[in-house]
Amino acid sequence: NFTWFDSFDGLNGLINFLEYQSNCKNKMYLGCISSNNLLTIPVIQDYFPSIVEQRNYTGGTTYLFSKNIQPVSDKIADILDFESEPSKSWSPLSKKYLCDSLSFSGSYSYLIDSLTEWSPSFSIYLNEIISNKNNFIDISIKVKCNINPEETLLVAALESKKGTIHWSGTSFGDFYKNNKWFTVHHSVKLSDIRYKNPQLKVYIWTKGKNHLYIDDIEIKERKGNPVIYGLIEKI
């Protein structure tokens, strides 16, 4: 079956489509232009985790996804699962917020209560985790709460000595499922940003001071399209 991407009612429409298709299909094909929503690929991979084939063109990319697990080409930069000591790239975690009665996986999750505005943050120089300037940074996190956290953001920033080069965030409300664990995604498209070697910072900003639990924060590099702007930029 062929479906126009513009027919989906935002991310929720895409997610509903994928939930249905993943019950009856083993593979999915996507052809998209460079302006496609950055979260499309990570969301599809929640249901069809393996990229079997990627073809790059000037102005767009095509993908073939599969439910069958394939060797992963993505480079994992860091995983924070609250089960073991975090890497040195994370700011200190407060042990009083570790929760041993609720988790997505393992034995622990991390509480962000209504008095907390900023989560622990991840910080690393970009060149330590990125192999190509046209790649993506994909960030995902498992979340559980009983009120729509639309004013809570998963944030990524690139900062140099002269200031902030890039700042972007995705609302938790885009993925919210009432009182169930759900996955929040955020992505950074490096081919759209001019940079040398800034610091990448990742954190949660709870503007609405929500009470929620988080688990399994993953930060990874995903292969981009090196010829996406080949008509206007040097390859």
# chains A, B, ... in the order shown; residues from 1 in each chain; ligands from 1
>>> residues_around(residues="A:Asp6", least_positions_apart="4", cutoff="10 Å", atoms="only C-alpha atoms", output="PyMOL selection string")
chain A and resi 10+14+36
>>> residues_around(residues="stretch 110-126 of chain A", least_positions_apart="3", cutoff="7 Å", atoms="only C-alpha atoms", output="list in words")
Ser89, Trp90, Ser91, Pro92, Leu93, Tyr97, Leu98, Cys99, Ile129, Ile130, Asn197, Pro198, Gln199, Leu200, Lys201, Val202, Tyr203, Ile204, Trp205, Thr206, Lys207, Lys209, Asn210, His211, Leu212, Tyr213, Ile214 and Asp215 of chain A
>>> select_by_dssp(residues="stretch 43-223 of chain A", states="helix (DSSP H, G or I)", output="list in words")
Val43, Ile44, Gln45, Lys95, Lys96, Tyr97, Leu126, Asn127, Glu128, Phe172, Gly173, Asp174, Leu190, Ser191 and Asp192 of chain A
>>> residues_around(residues="A:Gly224", least_positions_apart="3", cutoff="9 Å", atoms="only C-alpha atoms", output="list in words")
Asn56, Thr61, Asn132, Lys133, Asn134, Asn135, Phe136, Lys189, Leu190, Ser191 and Ile228 of chain A
>>> write_last_selection(atoms="C-alpha atoms", output="PDB file, in the first residue's frame")
ATOM      1  CA  ASN A  56      20.987   9.014  -0.736  1.00  0.00           C
ATOM      2  CA  THR A  61      16.676   9.966   0.955  1.00  0.00           C
ATOM      3  CA  ASN A 132      30.553  12.764   9.629  1.00  0.00           C
ATOM      4  CA  LYS A 133      29.265  16.337   9.510  1.00  0.00           C
ATOM      5  CA  ASN A 134      26.117  15.240   7.663  1.00  0.00           C
ATOM      6  CA  ASN A 135      24.976  12.729  10.266  1.00  0.00           C
ATOM      7  CA  PHE A 136      22.180  12.994  12.819  1.00  0.00           C
ATOM      8  CA  LYS A 189      20.366  17.354  11.776  1.00  0.00           C
ATOM      9  CA  LEU A 190      24.032  18.341  11.684  1.00  0.00           C
ATOM     10  CA  SER A 191      24.048  19.076   7.931  1.00  0.00           C
ATOM     11  CA  ILE A 228      21.601  16.036   0.469  1.00  0.00           C
TER      12      ILE A 228
END
>>> atom_distance(atom1="atom CA of A:Val52", atom2="atom CA of A:Leu64")
5.5 Å
>>> residues_around(residues="A:Phe104", least_positions_apart="2", cutoff="12 Å", atoms="only C-alpha atoms", output="MDAnalysis selection string")
chainID A and resid 81:83 99:102 106:110 141:144 180:183 213:217
>>> closest_residue(among="A:Asp9, A:Glu218, A:Asp74, A:Glu19", to="A:His185", atoms="only C-alpha atoms")
A:Glu218
>>> residues_around(residues="A:Phe175", least_positions_apart="3", cutoff="10 Å", atoms="only C-alpha atoms", output="MDAnalysis selection string")
chainID A and resid 11:12 15 43 143 148:150 170:172 178 182:185
>>> atom_distance(atom1="atom CA of A:Tyr57", atom2="atom CA of A:Ser34")
9.7 Å
